[in-house]
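All remarks here apply to the structure that follows.
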Amino acid sequence: MTQSAYSDTYGASQIWPEINSHFLSLRGIPEHLQANTPVQAVYRRLLVGFDAITSCELKDLYKFTLCLQQLAPEETDCPELRLLVAAFRAWVSFDYPRARQLFRQHLDAYPGDVVALFFTHMLDFCTGHTPELMPDLARCDRHIGADHPLYSYYLAIKAFVTVEAGHPSQALKLGLESLRHRADNIYGIHAVAHALHEQECWQELCTFLEQCKTQWIDNAGMRMHVYWHLAIGYEKSQQTEQSVRTFHEMYALKDSRFAKQDLDAVAFLWRYRLNHPDDSRFDDIWQQLAFLWSGSIGASMSHFHRLHAALAFAASGQPVLIEKLLAESDGFGLNPQTHQTGITVLKGILHFAEGRIEDSLRTLQAAQPHWSVLGGSRAQRELLPLTLQACERRLANLEARHEPA
């Protein structure tokens, strides 16, 4: 990032320009980038810690808490970092409204700070409030133009928030524009995929992702999720075997057997299971996924993650693990509405696993008005309406069997 007439609005983004694109491209911070100043050292620690806490794992939250506690007052006295450090301290203390307020105050002072905007966006995403960034974007628009060094990343964030706010056609234009400025912007590719998904442009989605595959296939942080979009596109295009091959290609990209990269695998396979209930080819993988997800019981702060664990337990025929998941979910660190919605959804999946389809339908419907607070994207939360539809189909089939001849 070079200095410009707008540099005083860039905030933390101007502390270490060379590191920003690595962070915003979701590739992690390379080891060879070492701080030259104390302020850069603090900035680097914040970026690395942020990457960890978005996992919503208690262990990672605790590690970042210790990191923040170890910062000396003089280390956080930099105006561009002061409010951000305070926001992160509120975040790891589970005071999400306070964290959001502090991030917004920072953006009021530095409306061109794209890195801080991404912090804010991910807090919203993790807490189920992604569209709430729209007013902040309207303000940032006045300070972030095509001459901003991080403009492509800004457009990508804006595109994803816009699609989550229910405006996919507008989001598609923003996403494509972000890629015009930087073709390998993984968050822009991701936003375009979501926009096409929301518009049910399945063939266009597949074509787009195949054509730009060289731009996302080496991105370790996001390539499995982008592959998930591609597999869904083929499944929805009635190209079932191609979707299965794509899934296997995706799952082969795991860093290791025990790497916590199984969310997209569950998300695809549950859809597939609902559409092809008699296809048993994935039974062994479901058993493996259930085993791997069992480690999240009591460890994750996210009901969105717990939902995926419960689906793996249901598909592997182990409802007792969903009961264990419920027993360990005490609401610690969660908004009451989020916790109640999460518990209700988990009970609905438990009933589904037990074959109590009518109870599952009724329970999931009770939580339906609040599904968004669980976090994730609109596309990812489609697992819930698809499960509802499966319940309705099963009940209709049962009623048809009992109708008099």
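Residues in the structure tokens are named by chain (A, B, ... in the order shown) and by number from 1 within that chain; ligands are numbered from 1 in the order shown.
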
inquiry  = Give me the residues near stretch 114-126 of chain A as an MDAnalysis selection string, where near means some atom within 9 Å (using only C-alpha atoms) and where sequence neighbours in that chain fewer than 2 positions away do not count.
reply    = chainID A and resid 10:13 20 23:24 50 54:56 84 91 96 99:100 103:104 106:107 110:112 128:133 136:137 140 144 150:151 153:154 157 161 302 304 373:377

Contacts between stretch 308-311 of chain A and stretch 182-299 of chain A, please, where a residue of stretch 182-299 of chain A counts if it comes within 9 Å (with only C-alpha atoms); show its shortest atom pair and distance in Å to one decimal, rows by chain and ascending number, as JSON lines.
{"residue": "A:Asp262", "atom": "CA", "partner": "A:His308", "partner_atom": "CA", "distance": 8.8}
{"residue": "A:Leu263", "atom": "CA", "partner": "A:His308", "partner_atom": "CA", "distance": 6.4}
{"residue": "A:Asp264", "atom": "CA", "partner": "A:His308", "partner_atom": "CA", "distance": 9.0}
{"residue": "A:Val266", "atom": "CA", "partner": "A:His308", "partner_atom": "CA", "distance": 6.3}
{"residue": "A:Ala267", "atom": "CA", "partner": "A:His308", "partner_atom": "CA", "distance": 7.2}
{"residue": "A:Trp270", "atom": "CA", "partner": "A:Leu311", "partner_atom": "CA", "distance": 7.1}
{"residue": "A:Leu289", "atom": "CA", "partner": "A:Ala309", "partner_atom": "CA", "distance": 8.4}
{"residue": "A:Ala290", "atom": "CA", "partner": "A:Ala309", "partner_atom": "CA", "distance": 7.0}
{"residue": "A:Leu292", "atom": "CA", "partner": "A:Ala309", "partner_atom": "CA", "distance": 8.9}
{"residue": "A:Trp293", "atom": "CA", "partner": "A:Ala309", "partner_atom": "CA", "distance": 5.3}
{"residue": "A:Ser294", "atom": "CA", "partner": "A:Ala309", "partner_atom": "CA", "distance": 7.2}
{"residue": "A:Ser296", "atom": "CA", "partner": "A:Ala309", "partner_atom": "CA", "distance": 7.5}
{"residue": "A:Ile297", "atom": "CA", "partner": "A:Ala309", "partner_atom": "CA", "distance": 8.2}

Two-atom distance - atom CA of A:Arg362, atom CA of A:Thr341 (Å) =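 If I compute the distance from atom CA of A:Arg362 to atom CA of A:Thr341, I get 13.5 Å.
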
request  = Considering only C-alpha atoms, return as a PyMOL selection string whatever protein or nucleic-acid residues lie within 12 Å of A:Glu31, sequence-local ones (same chain, fewer than 6 positions apart) excluded.
outcome  = chain A and resi 19+22+44+48

For A:Arg306, find every residue with an atom within 10 Å (counting only C-alpha atoms), except residues of its own chain fewer than 6 positions away, and show them as a PDB file with all heavy atoms, in the first residue's frame.
ATOM      1  N   TRP A 293     -16.130 -35.567  14.218  1.00  0.00           N
ATOM      2  CA  TRP A 293     -16.923 -34.500  14.822  1.00  0.00           C
ATOM      3  C   TRP A 293     -17.150 -34.707  16.317  1.00  0.00           C
ATOM      4  O   TRP A 293     -17.491 -33.759  17.034  1.00  0.00           O
ATOM      5  CB  TRP A 293     -18.272 -34.358  14.117  1.00  0.00           C
ATOM      6  CG  TRP A 293     -18.202 -33.487  12.896  1.00  0.00           C
ATOM      7  CD1 TRP A 293     -18.115 -33.882  11.602  1.00  0.00           C
ATOM      8  CD2 TRP A 293     -18.203 -32.058  12.858  1.00  0.00           C
ATOM      9  NE1 TRP A 293     -18.068 -32.800  10.757  1.00  0.00           N
ATOM     10  CE2 TRP A 293     -18.118 -31.660  11.501  1.00  0.00           C
ATOM     11  CE3 TRP A 293     -18.269 -31.069  13.845  1.00  0.00           C
ATOM     12  CZ2 TRP A 293     -18.094 -30.328  11.113  1.00  0.00           C
ATOM     13  CZ3 TRP A 293     -18.244 -29.741  13.456  1.00  0.00           C
ATOM     14  CH2 TRP A 293     -18.159 -29.388  12.105  1.00  0.00           C
ATOM     15  N   SER A 294     -16.961 -35.906  16.807  1.00  0.00           N
ATOM     16  CA  SER A 294     -17.172 -36.144  18.241  1.00  0.00           C
ATOM     17  C   SER A 294     -16.234 -35.290  19.078  1.00  0.00           C
ATOM     18  O   SER A 294     -16.548 -34.954  20.228  1.00  0.00           O
ATOM     19  CB  SER A 294     -16.979 -37.629  18.572  1.00  0.00           C
ATOM     20  OG  SER A 294     -15.636 -38.025  18.350  1.00  0.00           O
ATOM     21  N   SER A 296     -15.686 -32.233  18.739  1.00  0.00           N
ATOM     22  CA  SER A 296     -16.206 -30.876  18.905  1.00  0.00           C
ATOM     23  C   SER A 296     -17.181 -30.766  20.070  1.00  0.00           C
ATOM     24  O   SER A 296     -17.547 -29.658  20.467  1.00  0.00           O
ATOM     25  CB  SER A 296     -16.896 -30.415  17.617  1.00  0.00           C
ATOM     26  OG  SER A 296     -18.122 -31.108  17.426  1.00  0.00           O
ATOM     27  N   ILE A 297     -17.612 -31.897  20.611  1.00  0.00           N
ATOM     28  CA  ILE A 297     -18.566 -31.873  21.722  1.00  0.00           C
ATOM     29  C   ILE A 297     -17.905 -31.194  22.922  1.00  0.00           C
ATOM     30  O   ILE A 297     -16.884 -31.649  23.439  1.00  0.00           O
ATOM     31  CB  ILE A 297     -19.031 -33.293  22.096  1.00  0.00           C
ATOM     32  CG1 ILE A 297     -19.777 -33.940  20.931  1.00  0.00           C
ATOM     33  CG2 ILE A 297     -19.907 -33.257  23.346  1.00  0.00           C
ATOM     34  CD1 ILE A 297     -20.216 -35.369  21.189  1.00  0.00           C
ATOM     35  N   GLY A 298     -18.475 -30.098  23.355  1.00  0.00           N
ATOM     36  CA  GLY A 298     -17.931 -29.369  24.487  1.00  0.00           C
ATOM     37  C   GLY A 298     -16.774 -28.456  24.142  1.00  0.00           C
ATOM     38  O   GLY A 298     -16.289 -27.720  25.003  1.00  0.00           O
ATOM     39  N   ALA A 299     -16.306 -28.485  22.891  1.00  0.00           N
ATOM     40  CA  ALA A 299     -15.131 -27.684  22.513  1.00  0.00           C
ATOM     41  C   ALA A 299     -15.485 -26.476  21.663  1.00  0.00           C
ATOM     42  O   ALA A 299     -14.747 -25.493  21.659  1.00  0.00           O
ATOM     43  CB  ALA A 299     -14.126 -28.549  21.758  1.00  0.00           C
ATOM     44  N   SER A 300     -16.607 -26.524  20.947  1.00  0.00           N
ATOM     45  CA  SER A 300     -16.970 -25.448  20.031  1.00  0.00           C
ATOM     46  C   SER A 300     -17.987 -24.508  20.671  1.00  0.00           C
ATOM     47  O   SER A 300     -18.887 -24.937  21.393  1.00  0.00           O
ATOM     48  CB  SER A 300     -17.554 -26.021  18.736  1.00  0.00           C
ATOM     49  OG  SER A 300     -18.001 -24.974  17.887  1.00  0.00           O
ATOM     50  N   ALA A 312     -23.836 -35.332  11.242  1.00  0.00           N
ATOM     51  CA  ALA A 312     -22.934 -36.476  11.091  1.00  0.00           C
ATOM     52  C   ALA A 312     -23.342 -37.608  12.034  1.00  0.00           C
ATOM     53  O   ALA A 312     -23.328 -38.793  11.652  1.00  0.00           O
ATOM     54  CB  ALA A 312     -21.492 -36.048  11.365  1.00  0.00           C
ATOM     55  N   ILE A 322     -25.829 -37.068  19.660  1.00  0.00           N
ATOM     56  CA  ILE A 322     -26.571 -35.800  19.634  1.00  0.00           C
ATOM     57  C   ILE A 322     -27.060 -35.475  21.046  1.00  0.00           C
ATOM     58  O   ILE A 322     -27.039 -34.317  21.478  1.00  0.00           O
ATOM     59  CB  ILE A 322     -27.757 -35.859  18.651  1.00  0.00           C
ATOM     60  CG1 ILE A 322     -27.292 -36.308  17.267  1.00  0.00           C
ATOM     61  CG2 ILE A 322     -28.441 -34.485  18.562  1.00  0.00           C
ATOM     62  CD1 ILE A 322     -28.402 -36.457  16.255  1.00  0.00           C
ATOM     63  N   LEU A 325     -24.195 -34.070  22.785  1.00  0.00           N
ATOM     64  CA  LEU A 325     -23.994 -32.705  22.308  1.00  0.00           C
ATOM     65  C   LEU A 325     -24.943 -31.743  23.017  1.00  0.00           C
ATOM     66  O   LEU A 325     -24.553 -30.656  23.453  1.00  0.00           O
ATOM     67  CB  LEU A 325     -24.225 -32.674  20.796  1.00  0.00           C
ATOM     68  CG  LEU A 325     -23.774 -31.465  19.985  1.00  0.00           C
ATOM     69  CD1 LEU A 325     -22.270 -31.262  20.079  1.00  0.00           C
ATOM     70  CD2 LEU A 325     -24.190 -31.629  18.523  1.00  0.00           C
ATOM     71  N   LEU A 326     -26.194 -32.146  23.153  1.00  0.00           N
ATOM     72  CA  LEU A 326     -27.177 -31.327  23.864  1.00  0.00           C
ATOM     73  C   LEU A 326     -26.805 -31.159  25.333  1.00  0.00           C
ATOM     74  O   LEU A 326     -26.920 -30.066  25.899  1.00  0.00           O
ATOM     75  CB  LEU A 326     -28.564 -31.960  23.736  1.00  0.00           C
ATOM     76  CG  LEU A 326     -29.290 -31.734  22.410  1.00  0.00           C
ATOM     77  CD1 LEU A 326     -30.409 -32.749  22.218  1.00  0.00           C
ATOM     78  CD2 LEU A 326     -29.861 -30.317  22.374  1.00  0.00           C
ATOM     79  N   SER A 329     -24.178 -28.548  25.812  1.00  0.00           N
ATOM     80  CA  SER A 329     -24.494 -27.206  25.308  1.00  0.00           C
ATOM     81  C   SER A 329     -25.265 -26.447  26.378  1.00  0.00           C
ATOM     82  O   SER A 329     -26.496 -26.534  26.453  1.00  0.00           O
ATOM     83  CB  SER A 329     -25.310 -27.300  24.011  1.00  0.00           C
ATOM     84  OG  SER A 329     -24.591 -28.007  23.022  1.00  0.00           O
ATOM     85  N   GLY A 342     -30.353 -22.752  18.822  1.00  0.00           N
ATOM     86  CA  GLY A 342     -29.442 -23.872  18.593  1.00  0.00           C
ATOM     87  C   GLY A 342     -29.910 -25.146  19.263  1.00  0.00           C
ATOM     88  O   GLY A 342     -29.865 -26.237  18.658  1.00  0.00           O
ATOM     89  N   ILE A 343     -30.359 -25.043  20.495  1.00  0.00           N
ATOM     90  CA  ILE A 343     -30.842 -26.221  21.227  1.00  0.00           C
ATOM     91  C   ILE A 343     -32.072 -26.809  20.539  1.00  0.00           C
ATOM     92  O   ILE A 343     -32.195 -28.038  20.381  1.00  0.00           O
ATOM     93  CB  ILE A 343     -31.175 -25.843  22.689  1.00  0.00           C
ATOM     94  CG1 ILE A 343     -29.883 -25.563  23.465  1.00  0.00           C
ATOM     95  CG2 ILE A 343     -31.974 -26.942  23.376  1.00  0.00           C
ATOM     96  CD1 ILE A 343     -28.965 -26.757  23.621  1.00  0.00           C
ATOM     97  N   VAL A 345     -32.913 -26.578  17.377  1.00  0.00           N
ATOM     98  CA  VAL A 345     -32.508 -27.215  16.129  1.00  0.00           C
ATOM     99  C   VAL A 345     -31.856 -28.573  16.401  1.00  0.00           C
ATOM    100  O   VAL A 345     -32.146 -29.566  15.713  1.00  0.00           O
ATOM    101  CB  VAL A 345     -31.544 -26.296  15.343  1.00  0.00           C
ATOM    102  CG1 VAL A 345     -30.831 -27.064  14.241  1.00  0.00           C
ATOM    103  CG2 VAL A 345     -32.317 -25.117  14.750  1.00  0.00           C
ATOM    104  N   LEU A 346     -30.992 -28.645  17.398  1.00  0.00           N
ATOM    105  CA  LEU A 346     -30.342 -29.920  17.729  1.00  0.00           C
ATOM    106  C   LEU A 346     -31.384 -30.970  18.130  1.00  0.00           C
ATOM    107  O   LEU A 346     -31.274 -32.145  17.763  1.00  0.00           O
ATOM    108  CB  LEU A 346     -29.339 -29.728  18.859  1.00  0.00           C
ATOM    109  CG  LEU A 346     -28.072 -28.932  18.521  1.00  0.00           C
ATOM    110  CD1 LEU A 346     -27.187 -28.802  19.762  1.00  0.00           C
ATOM    111  CD2 LEU A 346     -27.303 -29.589  17.395  1.00  0.00           C
ATOM    112  N   LEU A 374     -27.838 -18.588  14.037  1.00  0.00           N
ATOM    113  CA  LEU A 374     -26.874 -19.666  14.218  1.00  0.00           C
ATOM    114  C   LEU A 374     -25.554 -19.359  13.528  1.00  0.00           C
ATOM    115  O   LEU A 374     -24.533 -19.993  13.822  1.00  0.00           O
ATOM    116  CB  LEU A 374     -27.441 -20.985  13.679  1.00  0.00           C
ATOM    117  CG  LEU A 374     -28.709 -21.500  14.344  1.00  0.00           C
ATOM    118  CD1 LEU A 374     -29.166 -22.789  13.690  1.00  0.00           C
ATOM    119  CD2 LEU A 374     -28.489 -21.710  15.844  1.00  0.00           C
TER     120      LEU A 374
END

ask   = By how many Å are atom CA of A:Ser25 and atom CA of A:Tyr43 apart?
value = 16.8 Å

Could you name the residues that touch stretch 386-389 of chain A at 9 Å or less, counting only C-alpha atoms, but leaving out those on the same chain fewer than 2 positions away, as a JSON list (two decimals) with N, CA and C atoms, in the first residue's frame?
[["chain", "number", "residue", "atom", "x", "y", "z"],
["A", 270, "TRP", "N", -25.02, -34.39, 3.51],
["A", 270, "TRP", "CA", -26.38, -34.38, 4.06],
["A", 270, "TRP", "C", -27.38, -34.03, 2.95],
["A", 271, "ARG", "N", -27.04, -33.07, 2.13],
["A", 271, "ARG", "CA", -27.89, -32.76, 0.98],
["A", 271, "ARG", "C", -28.05, -34.00, 0.09],
["A", 274, "LEU", "N", -30.33, -36.62, 1.64],
["A", 274, "LEU", "CA", -31.76, -36.29, 1.57],
["A", 274, "LEU", "C", -32.31, -36.53, 0.17],
["A", 349, "ILE", "N", -32.97, -32.31, 14.99],
["A", 349, "ILE", "CA", -32.12, -33.29, 14.32],
["A", 349, "ILE", "C", -32.11, -34.61, 15.08],
["A", 352, "PHE", "N", -35.17, -36.45, 14.19],
["A", 352, "PHE", "CA", -35.01, -36.97, 12.83],
["A", 352, "PHE", "C", -34.19, -38.26, 12.86],
["A", 360, "SER", "N", -39.74, -34.06, 14.67],
["A", 360, "SER", "CA", -38.65, -33.31, 14.05],
["A", 360, "SER", "C", -39.18, -32.12, 13.27],
["A", 361, "LEU", "N", -40.23, -32.35, 12.49],
["A", 361, "LEU", "CA", -40.83, -31.27, 11.71],
["A", 361, "LEU", "C", -41.32, -30.15, 12.61],
["A", 364, "LEU", "N", -38.24, -28.27, 14.34],
["A", 364, "LEU", "CA", -37.50, -27.40, 13.43],
["A", 364, "LEU", "C", -38.32, -26.19, 13.02],
["A", 365, "GLN", "N", -39.61, -26.38, 12.82],
["A", 365, "GLN", "CA", -40.47, -25.25, 12.46],
["A", 365, "GLN", "C", -40.52, -24.21, 13.58],
["A", 382, "GLU", "N", -29.25, -23.70, 4.28],
["A", 382, "GLU", "CA", -30.26, -24.43, 3.52],
["A", 382, "GLU", "C", -30.43, -25.86, 4.00],
["A", 383, "LEU", "N", -29.45, -26.37, 4.74],
["A", 383, "LEU", "CA", -29.59, -27.70, 5.31],
["A", 383, "LEU", "C", -30.86, -27.82, 6.15],
["A", 384, "LEU", "N", -31.25, -26.74, 6.79],
["A", 384, "LEU", "CA", -32.42, -26.79, 7.66],
["A", 384, "LEU", "C", -33.73, -26.84, 6.87],
["A", 391, "CYS", "N", -38.75, -34.10, 5.94],
["A", 391, "CYS", "CA", -39.76, -34.51, 6.92],
["A", 391, "CYS", "C", -41.15, -34.50, 6.30],
["A", 392, "GLU", "N", -41.44, -33.45, 5.57],
["A", 392, "GLU", "CA", -42.77, -33.34, 4.94],
["A", 392, "GLU", "C", -43.00, -34.45, 3.93],
["A", 393, "ARG", "N", -41.96, -34.78, 3.16],
["A", 393, "ARG", "CA", -42.09, -35.86, 2.17],
["A", 393, "ARG", "C", -42.34, -37.19, 2.87],
["A", 394, "ARG", "N", -41.60, -37.45, 3.92],
["A", 394, "ARG", "CA", -41.76, -38.73, 4.63],
["A", 394, "ARG", "C", -43.15, -38.85, 5.25]]

query = Which residues, written as a list in words, have at least one atom at most 8 Å from A:Met301, with only C-alpha atoms counted and residues fewer than 5 positions away on the same chain left out?
reply = Cys56, Glu57, Leu58, Phe332, Gly333 and Leu334 of chain A

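Nearest residue to A:Leu209 among A:Met250, A:Ile15, A:Ala195, A:Val226 is A:Val226, counting only C-alpha atoms.
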
inquiry  = For the alpha helix (DSSP H) assignment from backbone DSSP, which residues of stretch 105-321 of chain A qualify? Please present them as a VMD selection string.
reply    = chain A and resid 105 to 109 114 to 126 134 to 140 151 to 164 168 to 181 186 to 198 202 to 211 213 to 216 223 to 236 240 to 251 263 to 275 283 to 293 303 to 315 319 to 321

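Remark: for A:Val39, the closest of the candidate residues A:Leu179, A:Ala220, A:Leu71, A:Leu26 is A:Leu71 (distances computed over only C-alpha atoms).
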
key: For atom CA of A:Glu198 and atom CA of A:Ala379, the interatomic separation in Å (one decimal)   = 7.2 Å
